[in-house]
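Data from final17.tsv: TSV, C-alpha atoms
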```tsv
chain	number	residue	atom	x	y	z
A	1	MET	CA	-49.46	99.98	31.51
A	2	ALA	CA	-48.79	102.41	28.66
A	3	HIS	CA	-51.14	105.38	28.47
A	4	VAL	CA	-51.85	107.64	25.49
A	5	GLN	CA	-52.49	111.30	26.30
A	6	LYS	CA	-53.59	114.02	23.89
A	7	ARG	CA	-51.34	116.99	24.51
A	8	SER	CA	-52.53	119.35	21.77
A	9	PRO	CA	-53.90	119.06	18.24
A	10	GLY	CA	-51.57	116.71	16.39
A	11	ARG	CA	-49.59	115.70	19.51
A	12	TYR	CA	-50.13	112.45	21.40
A	13	ARG	CA	-47.81	111.35	24.18
A	14	VAL	CA	-47.35	107.74	25.32
A	15	ARG	CA	-46.33	107.41	28.96
A	16	TYR	CA	-45.16	104.16	30.57
A	17	ARG	CA	-42.77	102.73	33.15
A	18	ASP	CA	-39.91	100.49	32.09
A	19	PRO	CA	-38.88	97.29	33.93
A	20	ASP	CA	-36.66	99.41	36.21
A	21	ASN	CA	-39.75	101.48	37.17
A	22	LYS	CA	-38.39	104.52	35.36
A	23	GLU	CA	-41.07	106.69	33.78
A	24	ARG	CA	-40.67	107.15	30.04
A	25	SER	CA	-42.59	108.89	27.29
A	26	LYS	CA	-42.66	109.32	23.55
A	27	THR	CA	-44.66	111.77	21.45
A	28	PHE	CA	-46.43	111.08	18.12
A	29	LYS	CA	-48.30	113.22	15.62
A	30	LYS	CA	-51.00	110.62	14.97
A	31	LYS	CA	-53.08	108.82	17.57
A	32	ASN	CA	-52.93	105.54	15.64
A	33	ASP	CA	-49.15	105.62	15.80
A	34	ALA	CA	-49.27	106.34	19.52
A	35	ASP	CA	-51.72	103.48	20.10
A	36	ARG	CA	-49.56	101.03	18.17
A	37	PHE	CA	-46.46	102.08	20.09
A	38	ALA	CA	-48.24	101.73	23.44
A	39	ALA	CA	-49.42	98.24	22.50
A	40	SER	CA	-45.95	97.21	21.35
A	41	VAL	CA	-44.39	98.47	24.59
A	42	GLU	CA	-46.79	96.43	26.70
A	43	THR	CA	-46.22	93.33	24.54
A	44	ASP	CA	-42.44	93.64	24.65
A	45	MET	CA	-42.37	94.10	28.42
A	46	ALA	CA	-44.69	91.13	28.89
A	47	ARG	CA	-42.42	88.99	26.73
A	48	GLY	CA	-39.25	90.31	28.31
A	49	THR	CA	-38.02	91.66	24.96
A	50	TRP	CA	-38.28	95.37	25.71
A	51	VAL	CA	-35.16	97.32	24.78
A	52	SER	CA	-34.05	100.41	26.62
A	53	PRO	CA	-33.76	103.37	24.20
A	54	ASP	CA	-31.00	104.86	26.39
A	55	ARG	CA	-28.92	101.70	26.40
A	56	GLY	CA	-29.45	101.11	22.71
A	57	ARG	CA	-27.85	104.47	22.05
A	58	GLN	CA	-24.73	103.53	24.01
A	59	LEU	CA	-21.64	103.26	21.85
A	60	PHE	CA	-20.12	99.90	21.03
A	61	SER	CA	-16.87	101.17	22.57
A	62	GLU	CA	-18.58	101.47	25.97
A	63	TYR	CA	-19.62	97.82	25.95
A	64	ALA	CA	-16.17	96.83	24.67
A	65	ALA	CA	-14.64	98.59	27.68
A	66	ILE	CA	-17.00	96.74	30.05
A	67	ARG	CA	-16.15	93.44	28.40
A	68	MET	CA	-12.40	93.98	28.74
A	69	SER	CA	-12.72	95.13	32.37
A	70	THR	CA	-14.50	91.90	33.34
A	71	LEU	CA	-12.44	89.52	31.19
A	72	ASP	CA	-10.72	86.88	33.29
A	73	CYS	CA	-7.80	85.51	31.29
A	74	LYS	CA	-4.02	85.40	31.09
A	75	PRO	CA	-2.13	88.59	30.23
A	76	LYS	CA	-1.06	87.21	26.85
A	77	THR	CA	-4.66	86.35	25.95
A	78	ARG	CA	-5.82	89.78	27.05
A	79	ALA	CA	-3.14	91.44	24.95
A	80	GLY	CA	-4.32	89.42	21.96
A	81	TYR	CA	-7.93	90.54	22.48
A	82	GLU	CA	-6.87	94.17	22.87
A	83	SER	CA	-4.82	93.98	19.68
A	84	ILE	CA	-7.77	92.58	17.69
A	85	LEU	CA	-10.08	95.25	19.10
A	86	GLU	CA	-7.72	98.09	18.34
A	87	ARG	CA	-6.68	96.94	14.88
A	88	TRP	CA	-9.83	95.45	13.38
A	89	ILE	CA	-13.01	96.06	15.36
A	90	MET	CA	-12.92	99.55	16.88
A	91	PRO	CA	-12.28	101.41	13.59
A	92	THR	CA	-15.54	99.98	12.23
A	93	PHE	CA	-17.80	99.65	15.27
A	94	GLY	CA	-16.28	101.75	18.06
A	95	ASN	CA	-18.31	104.96	17.56
A	96	ARG	CA	-21.57	103.26	16.56
A	97	PRO	CA	-24.54	102.97	18.91
A	98	VAL	CA	-25.14	99.26	19.42
A	99	GLU	CA	-28.72	99.64	18.13
A	100	LYS	CA	-27.23	100.71	14.78
A	101	ILE	CA	-25.22	97.52	14.38
A	102	SER	CA	-27.11	95.00	12.26
A	103	TRP	CA	-26.49	91.58	10.76
A	104	SER	CA	-25.75	93.20	7.40
A	105	THR	CA	-23.27	95.59	9.04
A	106	ILE	CA	-21.28	92.68	10.41
A	107	GLU	CA	-21.52	90.70	7.17
A	108	ARG	CA	-20.17	93.71	5.30
A	109	PHE	CA	-17.34	94.01	7.83
A	110	LYS	CA	-16.48	90.34	7.30
A	111	ALA	CA	-16.55	90.68	3.51
A	112	GLU	CA	-14.36	93.79	3.55
A	113	MET	CA	-11.72	92.03	5.65
A	114	LEU	CA	-11.65	89.03	3.32
A	115	ASN	CA	-11.55	91.24	0.21
A	116	ALA	CA	-8.63	93.12	1.73
A	117	GLY	CA	-6.68	89.87	1.86
A	118	ARG	CA	-7.08	89.11	5.54
A	119	SER	CA	-6.85	85.40	6.29
A	120	PRO	CA	-9.97	83.43	7.28
A	121	GLN	CA	-8.33	82.82	10.66
A	122	THR	CA	-7.86	86.57	11.23
A	123	VAL	CA	-11.52	87.23	10.36
A	124	LYS	CA	-12.63	84.39	12.60
A	125	ASN	CA	-10.58	85.80	15.48
A	126	ALA	CA	-12.16	89.23	14.98
A	127	LEU	CA	-15.68	87.79	15.03
A	128	ASN	CA	-14.86	85.77	18.14
A	129	VAL	CA	-13.95	89.01	19.94
A	130	LEU	CA	-16.94	90.91	18.54
A	131	ARG	CA	-19.64	88.41	19.53
A	132	PRO	CA	-19.22	88.48	23.34
A	133	ILE	CA	-19.36	92.29	23.33
A	134	LEU	CA	-22.71	92.29	21.53
A	135	ASP	CA	-23.92	89.47	23.82
A	136	LEU	CA	-23.12	91.79	26.73
A	137	ALA	CA	-25.31	94.49	25.15
A	138	VAL	CA	-28.14	91.95	24.94
A	139	ARG	CA	-27.77	91.05	28.62
A	140	ASP	CA	-27.78	94.74	29.49
A	141	GLY	CA	-31.10	95.29	27.70
A	142	ALA	CA	-29.65	97.37	24.85
A	143	LEU	CA	-30.48	94.77	22.19
A	144	VAL	CA	-33.18	92.12	21.86
A	145	THR	CA	-30.86	89.67	20.14
A	146	SER	CA	-27.27	89.86	19.00
A	147	PRO	CA	-26.88	90.84	15.35
A	148	ALA	CA	-23.81	88.59	15.25
A	149	ARG	CA	-25.77	85.51	16.24
A	150	ASP	CA	-26.31	84.25	12.68
A	151	VAL	CA	-23.03	85.54	11.23
A	152	LYS	CA	-20.91	82.52	10.33
A	153	SER	CA	-17.16	82.60	10.61
A	154	PRO	CA	-15.26	81.82	7.40
A	155	LYS	CA	-13.98	78.29	7.05
A	156	VAL	CA	-10.41	77.88	8.19
A	157	ALA	CA	-8.27	75.19	6.61
A	158	ALA	CA	-7.38	72.43	9.03
A	159	SER	CA	-3.93	72.87	10.53
A	160	SER	CA	-1.21	70.58	9.29
A	161	VAL	CA	-0.61	67.31	11.08
A	162	ALA	CA	1.77	67.64	14.03
A	163	LYS	CA	5.39	67.15	12.99
A	164	PHE	CA	7.75	64.93	14.90
A	165	GLU	CA	11.21	63.44	14.53
A	166	SER	CA	12.94	60.37	15.89
A	167	ALA	CA	14.95	60.32	19.10
A	168	GLU	CA	18.10	59.81	17.01
A	169	THR	CA	17.38	62.93	14.94
A	170	ILE	CA	16.69	65.12	17.96
A	171	THR	CA	19.80	63.88	19.75
A	172	ALA	CA	21.92	64.58	16.67
A	173	LEU	CA	20.36	68.06	16.33
A	174	ALA	CA	21.13	68.87	19.97
A	175	LYS	CA	24.79	67.93	19.49
A	176	THR	CA	25.16	70.59	16.79
A	177	MET	CA	24.17	73.32	19.27
A	178	ASP	CA	25.98	74.82	22.26
A	179	ALA	CA	25.67	72.82	25.49
A	180	GLU	CA	22.85	74.84	27.11
A	181	SER	CA	20.77	75.17	23.93
A	182	GLY	CA	21.22	71.48	23.17
A	183	LEU	CA	20.14	70.56	26.69
A	184	LEU	CA	16.97	72.62	26.32
A	185	VAL	CA	16.16	70.84	23.05
A	186	LEU	CA	16.65	67.42	24.64
A	187	PHE	CA	14.68	68.48	27.73
A	188	ALA	CA	11.68	69.64	25.67
A	189	ALA	CA	11.71	66.50	23.51
A	190	PHE	CA	12.02	64.03	26.38
A	191	THR	CA	9.66	65.70	28.87
A	192	GLY	CA	7.02	67.17	26.55
A	193	LEU	CA	6.92	70.53	28.36
A	194	ARG	CA	5.81	73.64	26.48
A	195	ALA	CA	8.37	76.37	25.76
A	196	GLY	CA	6.91	78.67	28.42
A	197	GLU	CA	6.90	75.86	30.98
A	198	CYS	CA	10.57	75.14	30.31
A	199	ALA	CA	11.44	78.81	30.81
A	200	ALA	CA	9.51	79.01	34.11
A	201	LEU	CA	11.01	75.85	35.63
A	202	ARG	CA	12.99	76.45	38.83
A	203	VAL	CA	15.53	74.30	40.64
A	204	GLY	CA	13.01	73.75	43.44
A	205	ASP	CA	10.66	72.15	40.92
A	206	LEU	CA	13.19	69.39	40.24
A	207	ASN	CA	13.67	66.22	42.26
A	208	LEU	CA	16.59	64.63	40.46
A	209	LEU	CA	16.97	61.81	43.02
A	210	ARG	CA	13.41	60.61	42.38
A	211	GLY	CA	13.56	61.57	38.74
A	212	ARG	CA	10.53	63.87	38.72
A	213	LEU	CA	9.72	67.51	38.12
A	214	THR	CA	6.68	69.63	38.92
A	215	VAL	CA	5.23	72.01	36.35
A	216	ARG	CA	3.79	74.99	38.22
A	217	GLN	CA	4.10	78.04	35.99
A	218	SER	CA	4.71	79.28	32.47
A	219	VAL	CA	6.44	82.34	31.03
A	220	SER	CA	4.57	84.48	28.52
A	221	GLU	CA	5.86	87.44	26.55
A	222	VAL	CA	3.41	90.35	26.51
A	223	ARG	CA	4.40	93.57	24.77
A	224	GLY	CA	8.06	92.81	25.24
A	225	GLU	CA	7.74	91.90	28.92
A	226	ALA	CA	8.27	88.39	30.30
A	227	LEU	CA	5.43	87.47	32.68
A	228	PHE	CA	5.12	84.41	34.92
A	229	THR	CA	1.59	82.96	34.77
A	230	ASP	CA	-0.26	79.75	35.53
A	231	THR	CA	0.12	76.87	33.11
A	232	LYS	CA	-2.14	76.78	30.05
A	233	ASN	CA	-4.83	74.78	31.85
A	234	HIS	CA	-4.20	76.35	35.30
A	235	ARG	CA	-3.05	72.97	36.61
A	236	THR	CA	0.07	71.76	38.36
A	237	ARG	CA	1.36	68.42	37.11
A	238	SER	CA	4.20	66.01	37.86
A	239	VAL	CA	6.39	64.63	35.07
A	240	SER	CA	9.03	61.90	35.23
A	241	ILE	CA	12.56	62.59	33.96
A	242	PRO	CA	14.66	60.00	32.06
A	243	THR	CA	17.89	59.05	33.79
A	244	PHE	CA	20.19	60.50	31.12
A	245	LEU	CA	18.37	63.85	31.42
A	246	ARG	CA	18.76	63.86	35.22
A	247	ASP	CA	22.52	63.54	34.83
A	248	LEU	CA	22.69	66.31	32.23
A	249	LEU	CA	20.57	68.62	34.39
A	250	ALA	CA	22.68	67.97	37.48
A	251	THR	CA	25.88	68.79	35.56
A	252	HIS	CA	24.25	71.89	34.03
A	253	LEU	CA	23.11	73.28	37.39
A	254	GLU	CA	26.39	72.50	39.15
A	255	GLY	CA	28.27	74.27	36.39
A	256	ARG	CA	26.15	77.37	36.87
A	257	GLY	CA	26.44	77.19	40.65
A	258	ALA	CA	22.65	77.02	40.90
A	259	ALA	CA	22.14	73.46	42.11
A	260	ARG	CA	21.34	74.55	45.68
A	261	ASP	CA	19.37	77.68	44.86
A	262	GLN	CA	15.76	76.54	44.95
A	263	THR	CA	14.50	79.75	43.33
A	264	ALA	CA	17.01	79.77	40.45
A	265	LEU	CA	15.66	79.21	36.94
A	266	VAL	CA	16.78	75.96	35.32
A	267	PHE	CA	17.10	77.56	31.88
A	268	THR	CA	18.13	81.18	31.39
A	269	SER	CA	19.28	83.54	28.67
A	270	PRO	CA	23.07	83.93	28.20
A	271	ASN	CA	23.08	86.91	30.60
A	272	GLY	CA	21.28	84.90	33.31
A	273	SER	CA	17.87	86.57	32.93
A	274	VAL	CA	14.52	84.97	32.07
A	275	LEU	CA	14.72	82.91	28.89
A	276	ARG	CA	12.62	84.62	26.22
A	277	HIS	CA	11.38	82.04	23.76
A	278	SER	CA	11.22	84.48	20.84
A	279	ASN	CA	14.91	85.33	21.25
A	280	PHE	CA	15.98	81.70	21.73
A	281	TYR	CA	13.98	80.58	18.72
A	282	ARG	CA	15.32	83.29	16.42
A	283	ARG	CA	18.96	83.25	17.52
A	284	TYR	CA	19.63	79.62	18.32
A	285	PHE	CA	16.90	77.12	17.48
A	286	LYS	CA	15.85	78.16	13.96
A	287	PRO	CA	19.42	78.54	12.60
A	288	ALA	CA	20.37	75.14	14.03
A	289	VAL	CA	17.28	73.48	12.57
A	290	GLU	CA	17.87	74.98	9.13
A	291	ASP	CA	21.57	74.03	9.13
A	292	PHE	CA	20.57	70.49	10.11
A	293	GLY	CA	18.11	70.28	7.21
A	294	LEU	CA	14.87	70.27	9.22
A	295	ASP	CA	13.29	73.33	7.60
A	296	GLY	CA	9.85	74.07	9.06
A	297	PHE	CA	10.49	72.12	12.28
A	298	ARG	CA	9.33	74.28	15.21
A	299	PHE	CA	10.29	74.20	18.87
A	300	HIS	CA	6.72	73.10	19.65
A	301	ASP	CA	7.32	70.05	17.44
A	302	LEU	CA	9.68	68.79	20.14
A	303	ARG	CA	6.56	68.35	22.25
A	304	HIS	CA	4.93	66.43	19.40
A	305	THR	CA	8.08	64.33	19.18
A	306	CYS	CA	7.72	63.41	22.85
A	307	ALA	CA	4.14	62.29	22.23
A	308	ALA	CA	5.18	60.24	19.21
A	309	MET	CA	7.90	58.47	21.19
A	310	LEU	CA	5.45	57.65	23.99
A	311	ILE	CA	2.91	56.29	21.50
A	312	SER	CA	5.55	54.13	19.83
A	313	ASP	CA	6.25	52.64	23.27
A	314	ALA	CA	2.54	51.78	23.63
A	315	ALA	CA	1.83	54.39	26.30
A	316	HIS	CA	-1.83	54.74	27.23
A	317	PRO	CA	-3.49	57.93	25.88
A	318	ARG	CA	-4.43	58.88	29.43
A	319	ALA	CA	-0.78	58.76	30.52
A	320	ILE	CA	0.18	60.91	27.54
A	321	MET	CA	-2.57	63.39	28.42
A	322	GLU	CA	-1.27	63.70	31.98
A	323	ARG	CA	2.35	64.18	30.91
A	324	LEU	CA	1.58	66.81	28.27
A	325	GLY	CA	-0.93	68.65	30.45
A	326	HIS	CA	-3.84	68.45	28.02
A	327	SER	CA	-7.23	69.59	29.30
A	328	SER	CA	-8.87	66.30	28.29
A	329	ILE	CA	-8.07	62.98	26.65
A	330	LYS	CA	-10.09	64.19	23.65
A	331	VAL	CA	-7.44	66.84	22.98
A	332	THR	CA	-4.77	64.13	23.08
A	333	LEU	CA	-6.61	61.84	20.68
A	334	ASP	CA	-7.62	64.68	18.34
A	335	THR	CA	-3.99	65.82	18.13
A	336	TYR	CA	-2.23	62.46	17.99
A	337	GLY	CA	-4.95	60.03	16.95
A	338	HIS	CA	-3.26	59.45	13.58
A	339	LEU	CA	-0.24	58.09	15.46
A	340	PHE	CA	-2.24	55.26	17.03
A	341	PRO	CA	-2.30	52.84	14.05
A	342	ALA	CA	-2.79	49.79	16.24
A	343	LEU	CA	-5.58	51.25	18.36
A	344	ASP	CA	-8.46	50.18	16.10
A	345	GLU	CA	-6.84	46.79	15.51
A	346	ALA	CA	-6.59	46.26	19.26
A	347	LEU	CA	-10.27	47.12	19.68
A	348	THR	CA	-11.23	44.65	16.94
A	349	ASP	CA	-9.08	41.92	18.48
A	350	GLY	CA	-10.76	42.58	21.82
A	351	LEU	CA	-14.23	42.20	20.32
A	352	GLU	CA	-13.18	38.94	18.66
A	353	THR	CA	-11.87	37.66	21.99
A	354	GLN	CA	-15.13	38.55	23.74
A	355	TYR	CA	-17.13	36.67	21.10
A	356	GLN	CA	-14.98	33.55	21.27
A	357	LYS	CA	-15.23	33.60	25.06
A	358	ALA	CA	-19.02	33.86	24.85
A	359	ILE	CA	-19.19	30.91	22.41
A	360	SER	CA	-17.04	28.75	24.67
A	361	GLU	CA	-19.20	29.59	27.70
A	362	ILE	CA	-22.41	28.61	25.86
A	363	SER	CA	-21.06	25.25	24.68
A	364	ARG	CA	-19.62	24.32	28.07
A	365	PRO	CA	-21.90	21.90	30.10
A	366	VAL	CA	-23.14	23.21	33.42
A	367	ARG	CA	-21.72	21.17	36.30
A	368	GLY	CA	-24.06	19.36	38.71
A	369	LEU	CA	-27.04	19.37	36.39
A	370	ARG	CA	-28.36	16.68	34.07
A	371	GLU	CA	-31.42	16.33	31.95
A	372	LEU	CA	-34.41	14.95	33.89
A	373	PRO	CA	-37.27	12.97	32.27
A	374	LEU	CA	-40.65	14.67	32.33
A	375	SER	CA	-43.13	13.02	34.73
A	376	ALA	CA	-46.30	11.55	33.33
```

How does the structure come out when it is put into structure tokens?
Amino acid sequence: MAHVQKRSPGRYRVRYRDPDNKERSKTFKKKNDADRFAASVETDMARGTWVSPDRGRQLFSEYAAIRMSTLDCKPKTRAGYESILERWIMPTFGNRPVEKISWSTIERFKAEMLNAGRSPQTVKNALNVLRPILDLAVRDGALVTSPARDVKSPKVAASSVAKFESAETITALAKTMDAESGLLVLFAAFTGLRAGECAALRVGDLNLLRGRLTVRQSVSEVRGEALFTDTKNHRTRSVSIPTFLRDLLATHLEGRGAARDQTALVFTSPNGSVLRHSNFYRRYFKPAVEDFGLDGFRFHDLRHTCAAMLISDAAHPRAIMERLGHSSIKVTLDTYGHLFPALDEALTDGLETQYQKAISEISRPVRGLRELPLSA
């Protein structure tokens, strides 16, 4: 219960205990103001909407630090969050008490970023990092509701449709490159592995006799350092290897003297260290692609090319999902649905077949039964 005490003429103190049983008080000059405050405190605590004055005065930066200390993600993702915090969010919100951050404050922040020429995607990324921090302040009792709750992210134009090339084009492109770079291009296009998964692949992950490989890890570049992490979806998967690729891999590993070293990396940089995708892309892949006349074709499009080849061979979406390591079949269909031109036709043909089967069953006489005359 909140109690109002008269301390002296023109001084009224409201005393109460918060949900943590900590005694609190606030002084007013008018009794009516003290009474209203006492009533509001009791109502808020009854509803579970009471906000701690101490916690509301905590700086946004304190809750940001708590958020980052409890964030469970890959190093590359963490580095991305930290970069967004440091560059965009902390200059505006870092030294503000969370109780001083309002809906209009965030809307103004969003407008200023857009007016400064920041892309809608950049603004959306900033808001996506901001929201969980304010949600944490709500859970901690510093805010009743998050001021970012009703702030809408700017619309981001849909990404372009995945690019892909034919097997003939990729094979011809690979032949214009040095042997190791060309092998990596063929490997990515005919296995569907991501760039980081290719770089993390070890000899022990290959079973060339059975024609299979196991994807266990990925390499990420974080602040100039190559880090081995779990795969994108934290899953290990098995992928089959075409026969021609088995032979090329065997020759490649024998030539390097790494065929019997289970821990050796399958693909390395020229000096034998971890293959850094940024270096490979800039020094080898992009120049080769431009010289070949495939401007705008990315290394990741080799993965799309693998999917397109599988679809053209009538592979089931589920099988494609498993090979590419997608988190769900929805991701596969959302990404490559436009490459399934016969899918809807097949569904329609199936419905037609079901109907014709039903019609034939109805018209077929039932064996062993005949019409009996009704008795008088």

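The closest residue to Gly192 of chain A, picked from A:Phe60, A:Phe299, A:Phe228, A:Tyr355 and counting all atoms listed in the file, is A:Phe299.
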
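Counting all atoms listed in the file and comparing A:Arg17, A:Thr92, A:Gly80, A:Asp44, the residue that lies closest to Ser61 of chain A is A:Thr92.
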
Please write out, as JSON, where the centre of an axis-aligned box around all listed atoms of segment 94-102 of chain A lies and how long its edges are, in Å to one decimal, after adding 8 Å on each side.
```
{"center_x": -22.5, "center_y": 100.0, "center_z": 15.8, "size_x": 28.4, "size_y": 26.0, "size_z": 23.2}
```

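Counting from atom CA of Ala195 of chain A, the distance to atom CA of His277 of chain A is 6.7 Å.
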
Please provide as an MDAnalysis selection string all residues within 8 Å of segment 252-254 of chain A, with the sequence filter that same-chain residues fewer than 4 positions apart are discarded (counting all atoms listed in the file).
chainID A and resid 180 248 258:259 266

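What separates atom CA of Arg96 of chain A from atom CA of Leu59 of chain A is a distance of 5.3 Å.
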
Surrounding residues of Lys110 of chain A excluding itself and chain neighbours under 6 positions, 12 Å, only C-alpha atoms, as a PyMOL selection string
chain A and resi 88-89+92+103-104+116-128+130+148+151-154

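Among the candidates A:Ser52, A:Asn207, A:Asn21, A:Ser218, the residue lying nearest to Pro75 of chain A is A:Ser218 (atoms considered: only C-alpha atoms).
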
Neighbouring residues of Asp140 of chain A were defined as those with any atom within 12 Å, considering only C-alpha atoms; residues of the same chain fewer than 3 positions away were excluded. Please report them as a ChimeraX atom specification.
/A:49-56,58,62-63,66-67,98,133-137,143-146

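Atom CA of Thr105 of chain A sits 12.6 Å away from atom CA of Arg149 of chain A.
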
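For Val215 of chain A, the list of residues within 8 Å, based on all atoms listed in the file and with local chain neighbours fewer than 2 positions off taken out, reads Glu197, Leu201, Asp205, Leu213, Gln217, Thr231, Thr236, Arg237, Ser238 and Val239 of chain A.
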
For the selection just defined, write its residues with C-alpha atoms to a file, as a CSV table (one decimal), in the coordinates of the input.
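again32.csv was written with the following content:
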```
chain,number,residue,atom,x,y,z
A,197,GLU,CA,6.9,75.9,31.0
A,201,LEU,CA,11.0,75.8,35.6
A,205,ASP,CA,10.7,72.2,40.9
A,213,LEU,CA,9.7,67.5,38.1
A,217,GLN,CA,4.1,78.0,36.0
A,231,THR,CA,0.1,76.9,33.1
A,236,THR,CA,0.1,71.8,38.4
A,237,ARG,CA,1.4,68.4,37.1
A,238,SER,CA,4.2,66.0,37.9
A,239,VAL,CA,6.4,64.6,35.1
```

My list of candidates is A:Ala174, A:Leu208, A:Ile320, A:Val274. Which is closest to Tyr336 of chain A when distances are computed with all atoms listed in the file?
A:Ile320

Out of A:Leu302, A:Leu206, A:Ile170, A:Ala2, which residue has the shortest atom-to-atom distance to Leu193 of chain A when counting all atoms listed in the file?
A:Leu302

Reconstruct N, CA and C atoms of segment 35-47 of chain A; output as a compact mmCIF listing (two decimals), in the coordinates of the input.
```txt
# COMPACT_ATOMS: atom_id res chain seq x y z
N ASP A 35 -51.06 104.70 19.62
CA ASP A 35 -51.72 103.48 20.10
C ASP A 35 -50.88 102.24 19.78
N ARG A 36 -50.37 102.19 18.56
CA ARG A 36 -49.56 101.03 18.17
C ARG A 36 -48.28 100.94 19.02
N PHE A 37 -47.67 102.08 19.28
CA PHE A 37 -46.46 102.08 20.09
C PHE A 37 -46.76 101.63 21.51
N ALA A 38 -47.85 102.11 22.08
CA ALA A 38 -48.24 101.73 23.44
C ALA A 38 -48.48 100.23 23.52
N ALA A 39 -49.15 99.69 22.51
CA ALA A 39 -49.42 98.24 22.50
C ALA A 39 -48.13 97.44 22.39
N SER A 40 -47.21 97.93 21.54
CA SER A 40 -45.95 97.21 21.35
C SER A 40 -45.11 97.24 22.62
N VAL A 41 -45.14 98.37 23.34
CA VAL A 41 -44.39 98.47 24.59
C VAL A 41 -44.90 97.46 25.60
N GLU A 42 -46.22 97.38 25.74
CA GLU A 42 -46.79 96.43 26.70
C GLU A 42 -46.47 94.99 26.31
N THR A 43 -46.53 94.69 25.01
CA THR A 43 -46.22 93.33 24.54
C THR A 43 -44.76 92.98 24.80
N ASP A 44 -43.87 93.91 24.47
CA ASP A 44 -42.44 93.64 24.65
C ASP A 44 -42.08 93.45 26.12
N MET A 45 -42.68 94.27 27.00
CA MET A 45 -42.37 94.10 28.42
C MET A 45 -42.94 92.80 28.96
N ALA A 46 -44.09 92.40 28.46
CA ALA A 46 -44.69 91.13 28.89
C ALA A 46 -43.83 89.95 28.45
N ARG A 47 -43.26 90.07 27.26
CA ARG A 47 -42.42 88.99 26.73
C ARG A 47 -40.98 89.05 27.25
```
